[in-house]
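Dumped run.pdb below, it's PDB, C-alpha atoms:
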ATOM      1  CA  MET A   4     238.855  69.323  68.016
ATOM      2  CA  ALA A   5     238.731  70.596  71.553
ATOM      3  CA  HIS A   6     240.791  73.618  70.598
ATOM      4  CA  ALA A   7     238.876  74.456  67.497
ATOM      5  CA  VAL A   8     237.115  77.782  67.753
ATOM      6  CA  TYR A   9     233.907  77.907  65.859
ATOM      7  CA  HIS A  10     232.735  81.322  64.956
ATOM      8  CA  VAL A  11     229.085  80.791  64.390
ATOM      9  CA  GLU A  12     227.538  83.832  62.850
ATOM     10  CA  HIS A  13     224.459  84.578  64.820
ATOM     11  CA  ASP A  14     221.436  84.869  62.632
ATOM     12  CA  ASP A  15     218.077  85.607  64.178
ATOM     13  CA  PRO A  16     215.465  86.752  61.661
ATOM     14  CA  GLU A  17     212.716  87.080  64.247
ATOM     15  CA  GLY A  18     214.915  89.157  66.550
ATOM     16  CA  SER A  19     215.856  91.466  63.659
ATOM     17  CA  LYS A  20     212.239  91.898  62.784
ATOM     18  CA  ILE A  21     211.220  92.807  66.333
ATOM     19  CA  GLY A  22     214.146  95.225  66.573
ATOM     20  CA  MET A  23     213.036  96.924  63.378
ATOM     21  CA  TRP A  24     209.449  97.169  64.588
ATOM     22  CA  LEU A  25     210.549  98.703  67.903
ATOM     23  CA  PHE A  26     212.487 101.301  65.933
ATOM     24  CA  ILE A  27     209.447 101.918  63.745
ATOM     25  CA  PHE A  28     207.380 102.531  66.894
ATOM     26  CA  THR A  29     209.718 105.376  67.867
ATOM     27  CA  GLU A  30     209.291 106.804  64.368
ATOM     28  CA  LEU A  31     205.519 106.569  64.655
ATOM     29  CA  LEU A  32     205.635 108.464  67.943
ATOM     30  CA  LEU A  33     207.905 111.125  66.405
ATOM     31  CA  PHE A  34     205.438 111.767  63.595
ATOM     32  CA  GLY A  35     202.535 111.130  65.985
ATOM     33  CA  GLY A  36     203.561 114.170  68.018
ATOM     34  CA  LEU A  37     203.494 116.283  64.863
ATOM     35  CA  PHE A  38     200.087 114.902  63.892
ATOM     36  CA  ILE A  39     198.753 115.907  67.322
ATOM     37  CA  ILE A  40     200.144 119.433  66.883
ATOM     38  CA  TYR A  41     198.473 119.557  63.470
ATOM     39  CA  SER A  42     195.123 118.426  64.922
ATOM     40  CA  VAL A  43     195.164 121.019  67.699
ATOM     41  CA  TYR A  44     196.174 123.911  65.416
ATOM     42  CA  ARG A  45     193.669 122.871  62.787
ATOM     43  CA  TYR A  46     190.944 122.834  65.442
ATOM     44  CA  LEU A  47     191.938 126.309  66.648
ATOM     45  CA  ASN A  48     192.388 127.829  63.155
ATOM     46  CA  GLN A  49     189.824 126.084  60.981
ATOM     47  CA  GLU A  50     189.214 128.941  58.522
ATOM     48  CA  ALA A  51     192.909 129.736  58.101
ATOM     49  CA  PHE A  52     193.847 126.087  57.492
ATOM     50  CA  HIS A  53     191.033 125.865  54.959
ATOM     51  CA  LEU A  54     192.388 128.880  53.056
ATOM     52  CA  ALA A  55     196.039 127.874  53.282
ATOM     53  CA  ALA A  56     195.424 124.305  52.081
ATOM     54  CA  GLU A  57     193.908 125.698  48.881
ATOM     55  CA  GLU A  58     197.392 126.992  48.011
ATOM     56  CA  LEU A  59     198.760 123.461  47.729
ATOM     57  CA  ASN A  60     198.611 121.716  44.391
ATOM     58  CA  THR A  61     196.437 118.590  44.704
ATOM     59  CA  ALA A  62     197.744 117.212  41.377
ATOM     60  CA  THR A  63     201.364 117.263  42.579
ATOM     61  CA  GLY A  64     200.335 115.598  45.830
ATOM     62  CA  THR A  65     198.360 112.913  43.987
ATOM     63  CA  VAL A  66     201.234 112.170  41.594
ATOM     64  CA  ASN A  67     203.618 111.801  44.538
ATOM     65  CA  THR A  68     201.140 109.505  46.306
ATOM     66  CA  VAL A  69     200.933 107.263  43.250
ATOM     67  CA  ILE A  70     204.750 107.198  42.967
ATOM     68  CA  LEU A  71     205.172 106.186  46.616
ATOM     69  CA  LEU A  72     202.470 103.516  46.467
ATOM     70  CA  VAL A  73     204.006 101.951  43.348
ATOM     71  CA  SER A  74     207.464 102.078  44.952
ATOM     72  CA  SER A  75     206.091 100.308  48.023
ATOM     73  CA  MET A  76     204.794  97.539  45.784
ATOM     74  CA  THR A  77     208.122  97.107  43.963
ATOM     75  CA  MET A  78     209.880  97.032  47.348
ATOM     76  CA  ALA A  79     207.503  94.362  48.654
ATOM     77  CA  MET A  80     207.966  92.388  45.419
ATOM     78  CA  SER A  81     211.743  92.453  45.841
ATOM     79  CA  THR A  82     211.400  90.412  49.059
ATOM     80  CA  THR A  83     209.306  87.865  47.146
ATOM     81  CA  SER A  84     211.895  87.554  44.370
ATOM     82  CA  LEU A  85     214.656  87.158  46.979
ATOM     83  CA  ARG A  86     212.741  84.293  48.576
ATOM     84  CA  LYS A  87     212.378  82.745  45.132
ATOM     85  CA  ASN A  88     216.140  83.077  44.557
ATOM     86  CA  GLN A  89     215.626  85.413  41.606
ATOM     87  CA  LYS A  90     218.625  87.624  42.269
ATOM     88  CA  LYS A  91     218.471  89.698  39.082
ATOM     89  CA  MET A  92     214.797  90.378  39.633
ATOM     90  CA  THR A  93     215.489  91.452  43.231
ATOM     91  CA  LEU A  94     218.186  93.893  42.137
ATOM     92  CA  GLY A  95     215.976  95.212  39.330
ATOM     93  CA  LEU A  96     213.045  95.787  41.683
ATOM     94  CA  LEU A  97     215.303  97.515  44.225
ATOM     95  CA  THR A  98     216.670  99.815  41.523
ATOM     96  CA  THR A  99     213.118 100.629  40.415
ATOM     97  CA  THR A 100     212.144 101.470  43.989
ATOM     98  CA  PHE A 101     215.220 103.676  44.370
ATOM     99  CA  VAL A 102     214.481 105.566  41.141
ATOM    100  CA  LEU A 103     210.845 106.088  42.194
ATOM    101  CA  GLY A 104     212.078 107.519  45.508
ATOM    102  CA  LEU A 105     214.340 109.859  43.569
ATOM    103  CA  ILE A 106     211.445 111.029  41.353
ATOM    104  CA  PHE A 107     209.404 111.694  44.504
ATOM    105  CA  LEU A 108     212.207 113.888  45.858
ATOM    106  CA  VAL A 109     212.538 115.778  42.550
ATOM    107  CA  ASN A 110     208.791 116.514  42.602
ATOM    108  CA  LYS A 111     209.092 117.683  46.204
ATOM    109  CA  TYR A 112     212.016 119.925  45.237
ATOM    110  CA  VAL A 113     210.053 121.509  42.397
ATOM    111  CA  GLU A 114     206.976 121.889  44.615
ATOM    112  CA  TRP A 115     208.922 123.599  47.394
ATOM    113  CA  GLY A 116     210.758 125.703  44.797
ATOM    114  CA  VAL A 117     207.453 127.089  43.498
ATOM    115  CA  LYS A 118     206.369 127.883  47.068
ATOM    116  CA  PHE A 119     209.672 129.652  47.772
ATOM    117  CA  HIS A 120     209.242 131.612  44.552
ATOM    118  CA  HIS A 121     205.848 132.822  45.775
ATOM    119  CA  GLY A 122     207.458 133.943  49.016
ATOM    120  CA  ILE A 123     206.119 131.042  51.044
ATOM    121  CA  PHE A 124     208.903 129.630  53.200
ATOM    122  CA  PRO A 125     209.742 129.550  56.905
ATOM    123  CA  GLY A 126     210.688 133.008  58.152
ATOM    124  CA  SER A 127     209.453 134.782  55.012
ATOM    125  CA  GLU A 128     208.713 138.508  55.477
ATOM    126  CA  SER A 129     205.957 138.577  52.850
ATOM    127  CA  MET A 130     204.150 135.789  54.704
ATOM    128  CA  LYS A 131     204.083 137.911  57.852
ATOM    129  CA  GLU A 132     202.548 140.790  55.891
ATOM    130  CA  LEU A 133     200.025 138.873  53.815
ATOM    131  CA  MET A 134     198.945 135.998  56.020
ATOM    132  CA  GLY A 135     197.350 135.539  59.392
ATOM    133  CA  GLN A 136     198.732 133.500  62.263
ATOM    134  CA  GLY A 137     196.773 130.374  61.287
ATOM    135  CA  GLU A 138     198.037 130.291  57.710
ATOM    136  CA  ILE A 139     201.618 130.768  58.869
ATOM    137  CA  LEU A 140     201.097 127.836  61.251
ATOM    138  CA  PHE A 141     199.751 125.712  58.394
ATOM    139  CA  PHE A 142     202.784 126.349  56.221
ATOM    140  CA  GLY A 143     205.128 125.883  59.185
ATOM    141  CA  LEU A 144     203.632 122.432  59.735
ATOM    142  CA  TYR A 145     203.641 121.740  55.991
ATOM    143  CA  PHE A 146     207.370 122.416  55.687
ATOM    144  CA  THR A 147     208.240 120.606  58.928
ATOM    145  CA  MET A 148     206.207 117.478  58.281
ATOM    146  CA  THR A 149     206.832 117.034  54.553
ATOM    147  CA  GLY A 150     210.485 117.992  55.136
ATOM    148  CA  LEU A 151     210.930 115.395  57.874
ATOM    149  CA  HIS A 152     209.146 112.905  55.628
ATOM    150  CA  ALA A 153     211.488 113.713  52.709
ATOM    151  CA  LEU A 154     214.446 113.162  55.056
ATOM    152  CA  HIS A 155     213.037 109.715  55.792
ATOM    153  CA  ILE A 156     212.812 109.032  52.045
ATOM    154  CA  VAL A 157     216.537 109.827  51.773
ATOM    155  CA  VAL A 158     217.341 107.532  54.727
ATOM    156  CA  GLY A 159     215.155 104.790  53.219
ATOM    157  CA  MET A 160     217.084 105.076  49.960
ATOM    158  CA  VAL A 161     220.425 104.809  51.798
ATOM    159  CA  ILE A 162     219.285 101.619  53.603
ATOM    160  CA  MET A 163     218.063 100.334  50.226
ATOM    161  CA  GLY A 164     221.559 100.981  48.846
ATOM    162  CA  PHE A 165     223.122  98.817  51.583
ATOM    163  CA  ALA A 166     220.588  96.068  50.891
ATOM    164  CA  PHE A 167     221.349  96.280  47.150
ATOM    165  CA  VAL A 168     225.095  95.847  47.706
ATOM    166  CA  ASP A 169     224.632  92.892  50.053
ATOM    167  CA  VAL A 170     222.129  91.162  47.767
ATOM    168  CA  ARG A 171     224.583  91.515  44.893
ATOM    169  CA  ARG A 172     227.443  90.139  46.996
ATOM    170  CA  GLY A 173     225.254  87.244  48.091
ATOM    171  CA  LYS A 174     225.407  88.192  51.767
ATOM    172  CA  VAL A 175     221.654  88.642  51.692
ATOM    173  CA  ASP A 176     219.771  85.750  50.125
ATOM    174  CA  ALA A 177     216.667  83.613  50.549
ATOM    175  CA  ASN A 178     217.927  82.237  53.878
ATOM    176  CA  ARG A 179     219.259  85.521  55.212
ATOM    177  CA  ALA A 180     216.734  88.043  54.079
ATOM    178  CA  SER A 181     216.586  90.236  57.190
ATOM    179  CA  LEU A 182     218.436  93.271  55.822
ATOM    180  CA  LEU A 183     216.239  93.483  52.737
ATOM    181  CA  GLU A 184     213.063  92.835  54.740
ATOM    182  CA  ASN A 185     213.935  95.522  57.276
ATOM    183  CA  ALA A 186     214.782  97.968  54.479
ATOM    184  CA  GLY A 187     211.325  97.123  53.148
ATOM    185  CA  LEU A 188     209.637  97.717  56.510
ATOM    186  CA  TYR A 189     211.298 101.123  56.728
ATOM    187  CA  TRP A 190     210.230 102.042  53.201
ATOM    188  CA  HIS A 191     206.631 101.028  53.898
ATOM    189  CA  LEU A 192     206.698 103.134  57.071
ATOM    190  CA  VAL A 193     207.615 106.134  54.916
ATOM    191  CA  ASP A 194     204.700 105.230  52.640
ATOM    192  CA  LEU A 195     202.392 104.860  55.654
ATOM    193  CA  ILE A 196     203.200 108.368  56.922
ATOM    194  CA  TRP A 197     202.624 109.862  53.472
ATOM    195  CA  ILE A 198     199.209 108.162  53.313
ATOM    196  CA  PHE A 199     198.167 110.469  56.193
ATOM    197  CA  LEU A 200     200.140 113.567  55.159
ATOM    198  CA  PHE A 201     198.521 113.599  51.713
ATOM    199  CA  PRO A 202     194.865 114.043  52.778
ATOM    200  CA  LEU A 203     195.749 116.312  55.721
ATOM    201  CA  PHE A 204     197.668 118.835  53.628
ATOM    202  CA  TYR A 205     196.476 118.447  50.043
ATOM    203  CA  LEU A 206     192.931 117.120  50.140
ATOM    204  CA  ILE A 207     191.075 118.520  53.122
ATOM    205  CA  THR A 208     190.570 122.170  52.267
TER     206      THR A 208
ATOM    207  CA  MET B  25     217.328  73.430  61.499
ATOM    208  CA  LYS B  26     215.078  76.409  61.380
ATOM    209  CA  ASN B  27     213.739  75.965  57.959
ATOM    210  CA  GLU B  28     210.276  76.987  58.938
ATOM    211  CA  GLU B  29     207.987  77.429  55.994
ATOM    212  CA  HIS B  30     208.288  81.103  55.225
ATOM    213  CA  GLN B  31     205.249  82.275  53.457
ATOM    214  CA  VAL B  32     206.323  83.710  50.123
ATOM    215  CA  VAL B  33     203.738  86.269  49.125
ATOM    216  CA  PRO B  34     203.009  85.998  45.393
ATOM    217  CA  TYR B  35     203.622  89.020  43.112
ATOM    218  CA  ARG B  36     199.944  88.929  42.206
ATOM    219  CA  THR B  37     198.888  89.699  45.781
ATOM    220  CA  TYR B  38     201.106  92.784  45.901
ATOM    221  CA  ALA B  39     199.811  93.955  42.516
ATOM    222  CA  MET B  40     196.208  93.571  43.686
ATOM    223  CA  ILE B  41     196.940  95.539  46.873
ATOM    224  CA  LEU B  42     198.528  98.316  44.814
ATOM    225  CA  LEU B  43     195.426  98.509  42.600
ATOM    226  CA  LEU B  44     193.243  98.739  45.711
ATOM    227  CA  LEU B  45     195.468 101.471  47.182
ATOM    228  CA  LEU B  46     195.401 103.477  43.949
ATOM    229  CA  GLY B  47     191.621 103.094  43.715
ATOM    230  CA  LEU B  48     191.204 104.360  47.288
ATOM    231  CA  THR B  49     193.549 107.281  46.561
ATOM    232  CA  PHE B  50     191.523 108.442  43.557
ATOM    233  CA  LEU B  51     188.309 107.898  45.505
ATOM    234  CA  SER B  52     189.555 110.162  48.303
ATOM    235  CA  VAL B  53     190.564 112.837  45.770
ATOM    236  CA  ALA B  54     187.076 112.634  44.225
ATOM    237  CA  ILE B  55     185.302 112.709  47.600
ATOM    238  CA  THR B  56     187.164 115.772  48.847
ATOM    239  CA  ARG B  57     186.277 117.659  45.660
ATOM    240  CA  ILE B  58     182.663 117.628  46.862
ATOM    241  CA  GLU B  59     182.064 120.189  49.601
ATOM    242  CA  LEU B  60     180.680 118.206  52.507
ATOM    243  CA  GLY B  61     182.190 120.207  55.336
ATOM    244  CA  ARG B  62     183.110 118.059  58.311
ATOM    245  CA  LEU B  63     182.172 114.893  56.432
ATOM    246  CA  THR B  64     184.996 115.592  53.970
ATOM    247  CA  VAL B  65     187.559 115.429  56.763
ATOM    248  CA  ALA B  66     186.030 112.250  58.175
ATOM    249  CA  GLY B  67     185.790 110.614  54.732
ATOM    250  CA  ALA B  68     189.396 111.399  53.786
ATOM    251  CA  LEU B  69     190.707 110.129  57.132
ATOM    252  CA  ILE B  70     188.658 106.922  57.011
ATOM    253  CA  LEU B  71     189.956 106.173  53.506
ATOM    254  CA  ALA B  72     193.516 106.931  54.670
ATOM    255  CA  SER B  73     193.062 104.510  57.575
ATOM    256  CA  VAL B  74     191.860 101.772  55.226
ATOM    257  CA  LYS B  75     194.921 102.374  53.023
ATOM    258  CA  ALA B  76     197.216 102.306  56.062
ATOM    259  CA  THR B  77     195.686  99.010  57.188
ATOM    260  CA  LEU B  78     196.312  97.475  53.758
ATOM    261  CA  VAL B  79     199.956  98.631  53.801
ATOM    262  CA  LEU B  80     200.472  97.280  57.340
ATOM    263  CA  ALA B  81     198.779  93.949  56.663
ATOM    264  CA  TYR B  82     200.237  93.079  53.254
ATOM    265  CA  PHE B  83     203.293  95.216  52.418
ATOM    266  CA  MET B  84     204.543  95.109  56.014
ATOM    267  CA  HIS B  85     203.599  91.422  56.288
ATOM    268  CA  LEU B  86     201.617  91.735  59.525
ATOM    269  CA  LYS B  87     198.951  89.428  58.110
ATOM    270  CA  PHE B  88     201.561  86.672  57.845
ATOM    271  CA  ASP B  89     203.428  87.455  61.092
ATOM    272  CA  LYS B  90     202.963  85.900  64.482
ATOM    273  CA  PRO B  91     200.060  87.356  66.486
ATOM    274  CA  TYR B  92     202.257  89.025  69.128
ATOM    275  CA  ILE B  93     203.796  91.363  66.539
ATOM    276  CA  ARG B  94     200.317  92.338  65.373
ATOM    277  CA  ILE B  95     199.270  92.974  68.968
ATOM    278  CA  MET B  96     202.322  95.181  69.573
ATOM    279  CA  VAL B  97     201.621  97.265  66.476
ATOM    280  CA  ALA B  98     197.923  97.573  67.283
ATOM    281  CA  PHE B  99     198.811  98.665  70.828
ATOM    282  CA  VAL B 100     201.055 101.490  69.574
ATOM    283  CA  PHE B 101     198.327 102.781  67.255
ATOM    284  CA  LEU B 102     195.706 102.567  70.009
ATOM    285  CA  MET B 103     198.016 104.410  72.388
ATOM    286  CA  PHE B 104     198.480 107.162  69.795
ATOM    287  CA  ALA B 105     194.708 107.357  69.290
ATOM    288  CA  ALA B 106     194.201 107.629  73.065
ATOM    289  CA  VAL B 107     196.753 110.447  73.427
ATOM    290  CA  LEU B 108     195.203 112.291  70.483
ATOM    291  CA  ALA B 109     191.698 111.868  71.899
ATOM    292  CA  VAL B 110     192.663 113.071  75.380
ATOM    293  CA  THR B 111     194.508 116.083  73.933
ATOM    294  CA  MET B 112     191.538 117.035  71.769
ATOM    295  CA  LEU B 113     189.142 116.684  74.746
ATOM    296  CA  ASP B 114     191.134 119.458  76.404
ATOM    297  CA  TYR B 115     190.633 121.824  73.507
ATOM    298  CA  VAL B 116     187.038 120.941  72.738
ATOM    299  CA  PHE B 117     185.701 121.173  76.308
ATOM    300  CA  ILE B 118     188.019 123.399  78.289
ATOM    301  CA  ARG B 119     188.429 126.344  75.983
TER     302      ARG B 119
END
Translate the structure of the given file into structure tokens.
Amino acid sequence: MAHAVYHVEHDDPEGSKIGMWLFIFTELLLFGGLFIIYSVYRYLNQEAFHLAAEELNTATGTVNTVILLVSSMTMAMSTTSLRKNQKKMTLGLLTTTFVLGLIFLVNKYVEWGVKFHHGIFPGSESMKELMGQGEILFFGLYFTMTGLHALHIVVGMVIMGFAFVDVRRGKVDANRASLLENAGLYWHLVDLIWIFLFPLFYLIT
Amino acid sequence: MKNEEHQVVPYRTYAMILLLLLGLTFLSVAITRIELGRLTVAGALILASVKATLVLAYFMHLKFDKPYIRIMVAFVFLMFAAVLAVTMLDYVFIR
């Protein structure tokens, strides 16, 4: 007995949660900086931002908001089903969330595609000819912030993929739910950022 | 053993929160259709903040977490608000 080596796998749900939140704080500050830039430029170029925002399609933005909100709910529900030991339900809900994320990205792709087609993209010559400084700033921020957000959607889907595999293998279950819960926290963060991007770019004209 | 009673949030709660979030989204779309000038901006941002609070409290489980996590999160948001406010003071009063 004295020579037996016990390898106790260290499991600390509370520690994982705090770690995830600390990481989320850095994400909030990353986007926070961009939101401050937006506020300052909007204040300095009120007319131009008003005009430029009219170019964005509110319907597309609203549809994407609805998709993200629903996906956040299915993600949250997957943690409930895991706690209830309903493995199939958990996997189904995760798949649904993943597909919703994919639809969001497709919409974004189409939306950006239309903008590119109209000559609105970073570094576009026609923008320099047709638009003022303020409108160019608006679209610069639009592409940077929604682009960075879309990148976070992709990362969220990758983390979701890892959670899916481990739930299926049984490495993540009702007693060891940290990976799925942290994947959920990350996904809700992405939702949280979109909740502010949507009115700032699509609604306030 | 650490088998502390983990609060399992019922599906119903999440569904109700989603309905609230969708309602607030459509409300903000409707409100910004009306030309109210500066009030439009304020209205849209207030509704967004309410939505964000719902996501943080229910989807991100803060309502069921220990108080110190809530305090940490609140502190980060307050710090962001302070930095934003100080930055805007510069532009509003100095220029």
Option closest in space to chain B, from A:Asn48, A:Met78, A:His6, A:Gly143 [counting all atoms listed in the file]: A:Met78
Sphere at (194.8, 104.4, 49.8), radius 8 Å, counting all atoms listed in the file: residues as a VMD selection string: (chain A and resid 198) or (chain B and resid 44 to 49 52 71 to 76)
Chain A contacts to chain B at 7 Å (all atoms listed in the file) as number ranges by chain: A: 28, 35, 39, 43, 69, 72-73, 76, 79-80, 83, 86, 188, 191, 195, 198-199, 202, 206-207
Residue neighbourhood region 50-61 of chain A, 8 Å, only C-alpha atoms, exclusion window fewer than 6 positions, as JSON, numbers by chain: {"A": [135, 137, 138, 141, 142, 204, 205, 206, 207, 208]}
Report as a tab-separated table (two decimals) with C-alpha atoms, in the coordinates of the input the residues that result from applying the PyMOL selection byres ((chain A and resi 170-180) around 10) to the structure here.
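part_23.tsv, freshly written:
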chain	number	residue	atom	x	y	z
A	14	ASP	CA	221.44	84.87	62.63
A	15	ASP	CA	218.08	85.61	64.18
A	16	PRO	CA	215.46	86.75	61.66
A	82	THR	CA	211.40	90.41	49.06
A	83	THR	CA	209.31	87.86	47.15
A	84	SER	CA	211.90	87.55	44.37
A	85	LEU	CA	214.66	87.16	46.98
A	86	ARG	CA	212.74	84.29	48.58
A	87	LYS	CA	212.38	82.74	45.13
A	88	ASN	CA	216.14	83.08	44.56
A	89	GLN	CA	215.63	85.41	41.61
A	90	LYS	CA	218.62	87.62	42.27
A	91	LYS	CA	218.47	89.70	39.08
A	93	THR	CA	215.49	91.45	43.23
A	94	LEU	CA	218.19	93.89	42.14
A	97	LEU	CA	215.30	97.52	44.22
A	164	GLY	CA	221.56	100.98	48.85
A	165	PHE	CA	223.12	98.82	51.58
A	166	ALA	CA	220.59	96.07	50.89
A	167	PHE	CA	221.35	96.28	47.15
A	168	VAL	CA	225.10	95.85	47.71
A	169	ASP	CA	224.63	92.89	50.05
A	181	SER	CA	216.59	90.24	57.19
A	182	LEU	CA	218.44	93.27	55.82
A	183	LEU	CA	216.24	93.48	52.74
A	184	GLU	CA	213.06	92.84	54.74
A	185	ASN	CA	213.94	95.52	57.28
B	26	LYS	CA	215.08	76.41	61.38
B	27	ASN	CA	213.74	75.96	57.96
B	30	HIS	CA	208.29	81.10	55.22
Between CA of Met160 (chain A) and CA of Gly95 (chain A), distance in Å (one decimal):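 Those two atoms sit 14.5 Å apart.
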Close residues, Val109 (chain A) itself excluded, 12 Å, only C-alpha atoms, min 6 positions apart in chain, as a VMD selection string: chain A and resid 63 66 to 67 70 102 to 103 115 to 116 153 156 to 157
Residue nearest Thr98 (chain A) among A:Phe119, A:Ser81, A:Lys131, A:Val113 (counting all atoms listed in the file):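 When distances to Thr98 (chain A) are compared using all atoms listed in the file, the smallest one comes from A:Ser81.
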